[in-house]
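The data block below is query.cif; it holds mmCIF, C-alpha atoms.
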data_target
#
loop_
_atom_site.label_atom_id
_atom_site.label_comp_id
_atom_site.auth_asym_id
_atom_site.auth_seq_id
_atom_site.Cartn_x
_atom_site.Cartn_y
_atom_site.Cartn_z
CA MET A 1 1.84 4.32 -37.74
CA ASP A 2 2.63 6.94 -35.08
CA GLY A 3 6.17 7.63 -33.97
CA GLY A 4 7.17 4.04 -34.76
CA ARG A 5 4.07 2.61 -33.09
CA ALA A 6 1.45 0.80 -35.13
CA CYS A 7 -1.93 -0.66 -34.30
CA ALA A 8 -3.30 -3.96 -35.52
CA SER A 9 -6.74 -4.03 -37.15
CA LEU A 10 -9.66 -4.12 -34.75
CA CYS A 11 -11.28 -7.55 -34.48
CA GLY A 12 -14.32 -8.99 -32.70
CA HIS A 13 -12.32 -9.98 -29.62
CA ASP A 14 -11.22 -6.36 -29.20
CA GLU A 15 -14.72 -4.94 -29.73
CA SER A 16 -16.28 -7.33 -27.20
CA LEU A 17 -13.96 -6.08 -24.45
CA VAL A 18 -14.85 -2.39 -24.80
CA ARG A 19 -17.03 -1.79 -21.75
CA GLY A 20 -16.94 1.82 -20.67
CA THR A 21 -15.18 4.97 -21.78
CA SER A 22 -12.48 5.35 -19.12
CA SER A 23 -8.77 5.73 -19.75
CA ALA A 24 -8.28 2.24 -18.29
CA VAL A 25 -10.51 0.82 -21.06
CA ALA A 26 -8.63 2.83 -23.70
CA VAL A 27 -5.27 1.59 -22.40
CA ALA A 28 -6.51 -2.03 -22.33
CA LEU A 29 -7.72 -1.70 -25.93
CA LEU A 30 -4.40 -0.27 -27.11
CA ASP A 31 -2.49 -2.96 -25.20
CA ARG A 32 -4.28 -5.48 -27.42
CA LEU A 33 -3.70 -3.53 -30.62
CA LEU A 34 -0.13 -2.21 -30.33
CA VAL A 35 2.27 -4.08 -32.59
CA SER A 36 6.02 -3.75 -32.95
CA GLY A 37 7.22 -1.01 -35.28
CA SER A 38 10.62 0.08 -36.48
CA ASP A 39 11.27 2.51 -33.62
CA ASP A 40 9.16 1.44 -30.64
CA ALA A 41 9.61 3.48 -27.46
CA VAL A 42 6.71 1.59 -25.90
CA PRO A 43 6.44 -2.13 -26.69
CA PRO A 44 3.11 -3.92 -27.17
CA GLY A 45 1.35 -4.40 -23.85
CA SER A 46 2.73 -1.16 -22.36
CA ALA A 47 0.12 1.36 -23.52
CA GLY A 48 -0.03 2.76 -20.00
CA ASP A 49 3.45 4.20 -20.55
CA LEU A 50 2.40 6.16 -23.64
CA ALA A 51 2.15 9.93 -23.33
CA ILE A 52 -1.53 10.85 -23.19
CA CYS A 53 -1.17 12.84 -26.42
CA ASP A 54 0.29 9.76 -28.16
CA ARG A 55 -2.56 7.66 -26.82
CA ASP A 56 -5.02 10.14 -28.31
CA ARG A 57 -3.22 10.04 -31.65
CA LEU A 58 -3.52 6.26 -31.76
CA LEU A 59 -7.19 6.41 -30.75
CA ALA A 60 -7.74 8.96 -33.54
CA ALA A 61 -6.09 6.58 -36.02
CA ILE A 62 -8.40 3.80 -34.84
CA TYR A 63 -11.43 6.05 -35.21
CA ARG A 64 -10.50 6.99 -38.77
CA ALA A 65 -9.83 3.34 -39.68
CA VAL A 66 -13.21 2.22 -38.32
CA PHE A 67 -15.54 5.17 -38.90
CA GLY A 68 -13.72 7.58 -41.21
CA ASP A 69 -12.46 11.10 -40.58
CA ARG A 70 -15.81 12.82 -40.06
CA ILE A 71 -17.17 13.37 -36.55
CA ASP A 72 -20.95 13.69 -36.22
CA THR A 73 -22.21 14.46 -32.75
CA ARG A 74 -25.06 16.20 -30.97
CA ALA A 75 -24.80 19.04 -28.49
CA SER A 76 -27.11 21.35 -26.59
CA CYS A 77 -26.86 25.13 -26.74
CA VAL A 78 -25.57 26.63 -23.50
CA HIS A 79 -27.91 29.60 -24.01
CA CYS A 80 -31.26 28.20 -25.22
CA ASP A 81 -30.71 24.48 -24.49
CA HIS A 82 -31.72 23.66 -28.07
CA PRO A 83 -30.07 20.44 -29.38
CA PHE A 84 -28.13 20.69 -32.63
CA GLU A 85 -25.83 18.64 -34.84
CA LEU A 86 -22.10 19.30 -34.89
CA GLU A 87 -19.89 18.01 -37.71
CA PHE A 88 -16.16 18.41 -38.24
CA SER A 89 -13.04 16.68 -39.54
CA LEU A 90 -10.96 14.85 -36.96
CA ALA A 91 -7.78 15.44 -38.97
CA ALA A 92 -8.53 19.16 -39.19
CA LEU A 93 -9.09 19.29 -35.43
CA GLN A 94 -5.73 17.62 -34.82
CA ASP A 95 -4.01 20.03 -37.20
CA SER A 96 -5.55 22.98 -35.37
CA LEU A 97 -3.84 21.96 -32.12
CA ALA A 98 -0.35 22.39 -33.56
CA GLY A 99 1.33 25.62 -32.51
CA GLU A 100 4.60 27.25 -31.51
CA ASP A 101 6.82 25.06 -29.35
CA LEU A 102 7.52 26.35 -25.85
CA ALA A 103 10.39 23.95 -25.17
CA GLU A 104 13.31 22.30 -26.95
CA GLY A 105 13.02 18.63 -27.80
CA PRO A 106 12.31 15.91 -27.66
CA ASP A 107 15.78 14.50 -27.00
CA SER A 108 16.77 10.85 -27.38
CA SER A 109 14.95 10.06 -24.11
CA GLY A 110 11.77 11.82 -25.19
CA HIS A 111 12.38 14.71 -22.78
CA TYR A 112 11.95 18.45 -23.34
CA ARG A 113 13.91 21.43 -22.00
CA LEU A 114 12.54 24.81 -20.96
CA ALA A 115 14.49 28.04 -21.44
CA ASP A 116 15.21 28.10 -17.67
CA GLY A 117 16.94 24.72 -17.92
CA ARG A 118 14.21 22.55 -16.46
CA VAL A 119 13.77 19.21 -18.21
CA PHE A 120 10.40 17.50 -18.31
CA ARG A 121 8.64 14.50 -19.80
CA LEU A 122 5.12 14.25 -21.18
CA PRO A 123 2.35 12.95 -18.87
CA SER A 124 1.13 9.36 -19.18
CA TRP A 125 -1.77 7.32 -17.86
CA ARG A 126 0.20 6.73 -14.65
CA ASP A 127 0.17 10.49 -14.04
CA GLU A 128 -3.50 10.65 -14.98
CA GLN A 129 -4.23 8.07 -12.28
CA ALA A 130 -2.11 9.92 -9.71
CA ILE A 131 -4.02 13.20 -10.06
CA ALA A 132 -7.50 11.69 -10.34
CA GLY A 133 -9.79 13.12 -7.69
CA LEU A 134 -7.59 16.12 -6.86
CA ASP A 135 -8.98 19.63 -7.17
CA PRO A 136 -7.77 21.43 -10.34
CA ALA A 137 -5.07 23.50 -8.58
CA ASP A 138 -3.60 20.51 -6.73
CA ALA A 139 -3.84 18.38 -9.87
CA ARG A 140 -1.81 20.90 -11.89
CA ARG A 141 0.85 21.24 -9.19
CA THR A 142 1.12 17.46 -8.79
CA LEU A 143 1.34 16.97 -12.53
CA ALA A 144 4.13 19.54 -12.83
CA THR A 145 6.07 17.83 -10.01
CA ARG A 146 5.64 14.35 -11.49
CA CYS A 147 6.67 15.40 -15.01
CA LEU A 148 9.77 17.35 -13.90
CA VAL A 149 12.85 15.27 -14.74
CA SER A 150 15.51 17.74 -13.61
CA GLY A 151 15.78 21.36 -12.56
CA ASP A 152 14.51 23.52 -9.71
CA PRO A 153 11.43 21.82 -8.17
CA ASP A 154 10.46 25.09 -6.46
CA ALA A 155 10.39 27.14 -9.68
CA ASP A 156 7.10 28.53 -10.95
CA PRO A 157 5.17 25.57 -12.42
CA ALA A 158 3.21 27.78 -14.84
CA PRO A 159 5.80 27.74 -17.70
CA LEU A 160 6.18 23.98 -17.39
CA LEU A 161 2.41 23.41 -17.43
CA ALA A 162 2.04 25.74 -20.42
CA ALA A 163 4.73 23.78 -22.25
CA LEU A 164 2.98 20.51 -21.42
CA GLU A 165 -0.25 21.80 -22.94
CA ARG A 166 1.57 22.95 -26.08
CA GLN A 167 3.86 19.94 -26.54
CA ALA A 168 1.24 17.36 -25.58
CA PRO A 169 -2.18 18.56 -26.82
CA VAL A 170 -4.96 16.09 -26.08
CA LEU A 171 -8.26 15.59 -27.88
CA ASP A 172 -10.30 16.50 -24.80
CA LEU A 173 -11.25 20.12 -25.27
CA GLU A 174 -13.89 22.79 -25.73
CA LEU A 175 -14.89 23.55 -29.33
CA ASP A 176 -16.40 26.79 -30.53
CA ALA A 177 -19.91 26.25 -31.90
CA ARG A 178 -22.81 28.48 -32.97
CA CYS A 179 -26.35 27.42 -32.17
CA PRO A 180 -28.43 27.31 -35.39
CA ASP A 181 -31.56 28.10 -33.38
CA CYS A 182 -30.65 31.19 -31.33
CA GLU A 183 -27.52 31.98 -33.42
CA ARG A 184 -25.39 32.64 -30.34
CA ASP A 185 -21.82 31.46 -29.94
CA GLY A 186 -20.94 28.88 -27.33
CA VAL A 187 -18.67 25.94 -26.65
CA VAL A 188 -19.12 22.19 -26.90
CA HIS A 189 -17.01 19.71 -24.98
CA PHE A 190 -15.47 16.97 -27.11
CA ASP A 191 -13.46 14.04 -25.78
CA LEU A 192 -12.25 11.72 -28.54
CA GLN A 193 -11.52 8.84 -26.17
CA SER A 194 -15.06 8.78 -24.79
CA PHE A 195 -16.54 9.38 -28.25
CA LEU A 196 -14.65 6.46 -29.83
CA LEU A 197 -15.25 3.98 -27.01
CA ALA A 198 -18.95 4.86 -26.81
CA ALA A 199 -19.28 4.37 -30.57
CA LEU A 200 -17.62 0.95 -30.35
CA GLN A 201 -19.95 -0.02 -27.51
CA ARG A 202 -23.03 1.01 -29.48
CA GLU A 203 -21.90 -0.99 -32.47
CA GLY A 204 -21.17 -3.98 -30.25
CA GLN A 205 -24.87 -4.89 -30.40
CA TRP A 206 -24.28 -5.97 -34.01
CA LEU A 207 -21.37 -8.26 -33.17
CA ALA A 208 -23.60 -11.20 -32.14
CA ARG A 209 -25.59 -10.77 -35.36
CA ASP A 210 -22.41 -10.84 -37.44
CA VAL A 211 -21.17 -13.97 -35.66
CA HIS A 212 -24.53 -15.68 -36.19
CA ARG A 213 -24.72 -14.79 -39.89
CA ILE A 214 -21.20 -16.05 -40.63
CA ALA A 215 -21.50 -19.16 -38.47
CA VAL A 216 -24.73 -20.21 -40.21
CA ALA A 217 -23.36 -19.52 -43.70
CA TYR A 218 -19.80 -20.82 -43.39
CA HIS A 219 -19.89 -23.02 -40.27
CA TRP A 220 -16.85 -21.28 -38.84
CA SER A 221 -16.19 -21.42 -35.10
CA HIS A 222 -16.92 -18.51 -32.76
CA LYS A 223 -13.19 -17.90 -32.27
CA GLU A 224 -12.47 -17.97 -36.00
CA ILE A 225 -15.12 -15.32 -36.61
CA LEU A 226 -13.95 -13.08 -33.77
CA ASP A 227 -10.38 -13.40 -35.09
CA LEU A 228 -11.43 -11.72 -38.34
CA PRO A 229 -10.53 -8.04 -38.75
CA ARG A 230 -13.69 -5.99 -38.36
CA SER A 231 -13.67 -4.88 -42.02
CA GLN A 232 -13.42 -8.48 -43.26
CA ARG A 233 -16.19 -9.62 -40.93
CA GLN A 234 -18.50 -6.88 -42.14
CA LEU A 235 -17.66 -7.68 -45.76
CA HIS A 236 -18.61 -11.32 -45.23
CA VAL A 237 -21.91 -10.28 -43.61
CA THR A 238 -22.67 -7.92 -46.50
CA LEU A 239 -22.04 -10.70 -49.04
CA ILE A 240 -24.11 -13.21 -47.06
CA GLU A 241 -27.05 -10.82 -46.75
CA ALA A 242 -26.85 -9.91 -50.44
CA ASP A 243 -26.95 -13.60 -51.31
CA MET A 244 -29.92 -14.14 -48.99
CA ALA A 245 -31.78 -11.20 -50.59
CA ALA A 246 -31.08 -12.57 -54.09
CA ARG A 247 -32.51 -15.95 -53.14
CA ARG A 248 -35.71 -14.35 -51.85
CA ARG A 249 -36.35 -12.56 -55.12
CA PRO A 250 -38.82 -14.36 -57.41
CA ALA A 251 -37.32 -16.02 -60.46
#
Structure re-expressed in structure tokens:
Amino acid sequence: MDGGRACASLCGHDESLVRGTSSAVAVALLDRLLVSGSDDAVPPGSAGDLAICDRDRLLAAIYRAVFGDRIDTRASCVHCDHPFELEFSLAALQDSLAGEDLAEGPDSSGHYRLADGRVFRLPSWRDEQAIAGLDPADARRTLATRCLVSGDPDADPAPLLAALERQAPVLDLELDARCPDCERDGVVHFDLQSFLLAALQREGQWLARDVHRIAVAYHWSHKEILDLPRSQRQLHVTLIEADMAARRRPA
């Protein structure tokens, strides 16, 4: 549950549609998984209207439900180019992004107010699409203009952009890391969205095996198997394979 929004359990149909790591793929996945909660600002099927930070929070919840809280990834040292393993807690990373608010809010409309009176909203996928391909300076100016709800449009955009970064932190950032080989400090780029979707794609190679195992054992239809929540499907496969191994053992 996140701000009144909940996600259904991932099933085979959802996994089979993850092809790529773009925001469009992430939005399509969430559109399938969003279910009605007690205080929905964004109804199921409208994931594109979610603030990007809310989208990341839901993707993080999906990652923890599927893979657990621990992130294990590989990086290369920016100094010696030596590859090394990087491990950290996703929950701890999210907690580290919390900081002092730079604006009042949100109000009943989900808007925030700066000290100079300007009111702004948090950026969504629609804004992400609008600034795609722009150089960084133009992208920041365009984003500030799009997210301004009321107030002086000619005012310095820097305070508004700073407030956006503080109020809407995303899990696409540079992490401090020390190379175990040369022992020099550096940074590693981590993007949760790409990390999650790539992991689901890699695991997709096992989906056909799961379907085959269950179909042979239980004679269920392809649709019935893909309708199963991922955890239930994997449990059935584990039980089937344990039974097969027991039958192969000599009496």
Residues picked by the PyMOL selection byres ((chain A and resi 234-245) around 12) here, as a ChimeraX atom specification?
-> /A:10-12,66,203,206-218,220,225-226,228-233,246-250
Can I get the residues of segment 52-99 of chain A within 10 Å of segment 183-199 of chain A, each with the closest pair of atoms and their distance in Å to one decimal, using all atoms listed in the file, sorted chain first then ascending number, as a Markdown table?
| residue | atom | partner | partner_atom | distance |
| --- | --- | --- | --- | --- |
| A:Arg55 | CA | A:Gln193 | CA | 9.1 |
| A:Asp56 | CA | A:Gln193 | CA | 7.0 |
| A:Arg57 | CA | A:Leu192 | CA | 9.7 |
| A:Leu59 | CA | A:Gln193 | CA | 6.8 |
| A:Ala60 | CA | A:Leu192 | CA | 7.3 |
| A:Ile62 | CA | A:Leu196 | CA | 8.4 |
| A:Tyr63 | CA | A:Leu196 | CA | 6.3 |
| A:Arg64 | CA | A:Leu196 | CA | 9.9 |
| A:Val66 | CA | A:Leu196 | CA | 9.6 |
| A:Phe67 | CA | A:Ala199 | CA | 9.2 |
| A:Ile71 | CA | A:Phe195 | CA | 9.2 |
| A:Thr73 | CA | A:Phe195 | CA | 8.8 |
| A:Arg74 | CA | A:Val188 | CA | 9.4 |
| A:Ala75 | CA | A:Val188 | CA | 6.7 |
| A:Ser76 | CA | A:Val188 | CA | 8.0 |
| A:Cys77 | CA | A:Gly186 | CA | 7.0 |
| A:Val78 | CA | A:Gly186 | CA | 6.4 |
| A:His79 | CA | A:Arg184 | CA | 7.5 |
| A:Cys80 | CA | A:Arg184 | CA | 9.0 |
| A:Leu86 | CA | A:Val188 | CA | 9.0 |
| A:Leu90 | CA | A:Leu192 | CA | 9.1 |
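If you look at atom CA of Asp152 of chain A and atom CA of Ala51 of chain A, they are 22.9 Å away from each other.
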Write out as a PyMOL selection string each polymer residue whose atoms come within 9 Å of Thr142 of chain A, counting all atoms listed in the file; drop sequence neighbours fewer than 3 positions from it.
-> chain A and resi 127+130-131+137-139+145-147
Residues from last step as file, C-alpha atoms, as a PDB file, keeping the file's coordinate frame:
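Wrote result_19.pdb, looks like this:
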ATOM      1  CA  ASP A 127       0.170  10.490 -14.040  1.00  0.00           C
ATOM      2  CA  ALA A 130      -2.110   9.920  -9.710  1.00  0.00           C
ATOM      3  CA  ILE A 131      -4.020  13.200 -10.060  1.00  0.00           C
ATOM      4  CA  ALA A 137      -5.070  23.500  -8.580  1.00  0.00           C
ATOM      5  CA  ASP A 138      -3.600  20.510  -6.730  1.00  0.00           C
ATOM      6  CA  ALA A 139      -3.840  18.380  -9.870  1.00  0.00           C
ATOM      7  CA  THR A 145       6.070  17.830 -10.010  1.00  0.00           C
ATOM      8  CA  ARG A 146       5.640  14.350 -11.490  1.00  0.00           C
ATOM      9  CA  CYS A 147       6.670  15.400 -15.010  1.00  0.00           C
TER      10      CYS A 147
END
Select all residues near (-4.4, 10.8, -16.1) (cut-off 12 Å, inclusive, file coordinates), counting all atoms listed in the file, and output them as a PyMOL selection string.
-> chain A and resi 22-24+26-27+48-53+55+122-134+139-140+142-143+146+170+172
Determine the nearest neighbour of Tyr112 of chain A from the options A:Leu58, A:Ala155, A:Leu93, A:Ala168, counting only C-alpha atoms.
->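 Once distances to Tyr112 of chain A are computed over only C-alpha atoms, the minimum belongs to A:Ala168.
In this comparison, which uses all atoms listed in the file, the residue of A:Leu200, A:Lys223, A:Ser96, A:Leu114 approaching Leu173 of chain A most closely is A:Ser96.
Proximity to Pro159 of chain A was assessed for A:Leu102, A:Leu34, A:Val25, A:Cys7 counting only C-alpha atoms; the smallest distance is recorded for A:Leu102.
From atom CA of Ala91 of chain A back to atom CA of Asp69 of chain A, the distance works out to 6.6 Å.
Picture a line from atom CA of Gln167 of chain A to atom CA of Asp101 of chain A; it runs 6.5 Å.
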Write out as an NGL selection string which residues come within 10 Å of Pro106 of chain A when counting only C-alpha atoms, dropping same-chain ones fewer than 3 positions away.
-> :A and (103 or 109-113 or 120-122 or 167)
Residues within 8 Å of (2.5, 25.8, -26.7), file coords, all atoms listed in the file, listed as an mmCIF file with C-alpha atoms, in the coordinates of the input:
data_model
loop_
_atom_site.group_PDB
_atom_site.id
_atom_site.type_symbol
_atom_site.label_atom_id
_atom_site.label_comp_id
_atom_site.auth_asym_id
_atom_site.auth_seq_id
_atom_site.Cartn_x
_atom_site.Cartn_y
_atom_site.Cartn_z
ATOM 1 C CA GLY A 99 1.330 25.620 -32.510
ATOM 2 C CA GLU A 100 4.600 27.250 -31.510
ATOM 3 C CA ASP A 101 6.820 25.060 -29.350
ATOM 4 C CA LEU A 102 7.520 26.350 -25.850
ATOM 5 C CA ALA A 162 2.040 25.740 -20.420
ATOM 6 C CA ALA A 163 4.730 23.780 -22.250
ATOM 7 C CA LEU A 164 2.980 20.510 -21.420
ATOM 8 C CA GLU A 165 -0.250 21.800 -22.940
ATOM 9 C CA ARG A 166 1.570 22.950 -26.080
ATOM 10 C CA GLN A 167 3.860 19.940 -26.540
#
Can you pull out every residue within 9 Å of Leu33 of chain A, counting only C-alpha atoms, but drop anything in the same chain fewer than 6 positions away, and send it as a PDB file with C-alpha atoms, in the frame of the given file?
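To be explicit, this is the file written out as part_1.pdb:
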ATOM      1  CA  ALA A   6       1.450   0.800 -35.130  1.00  0.00           C
ATOM      2  CA  CYS A   7      -1.930  -0.660 -34.300  1.00  0.00           C
ATOM      3  CA  ALA A   8      -3.300  -3.960 -35.520  1.00  0.00           C
ATOM      4  CA  SER A   9      -6.740  -4.030 -37.150  1.00  0.00           C
ATOM      5  CA  LEU A  10      -9.660  -4.120 -34.750  1.00  0.00           C
ATOM      6  CA  ASP A  14     -11.220  -6.360 -29.200  1.00  0.00           C
ATOM      7  CA  PRO A  44       3.110  -3.920 -27.170  1.00  0.00           C
ATOM      8  CA  GLY A  45       1.350  -4.400 -23.850  1.00  0.00           C
TER       9      GLY A  45
END
Pick from A:Ser150, A:Pro43, A:Glu87, A:Asp54, whichever lies nearest to Arg178 of chain A using all atoms listed in the file =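 The closest residue to Arg178 of chain A is A:Glu87.
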Looking at A:Leu160, A:Ala98, A:Glu85, A:Gln205, which one is nearest to Leu148 of chain A, with distances taken over all atoms listed in the file?
-> A:Leu160
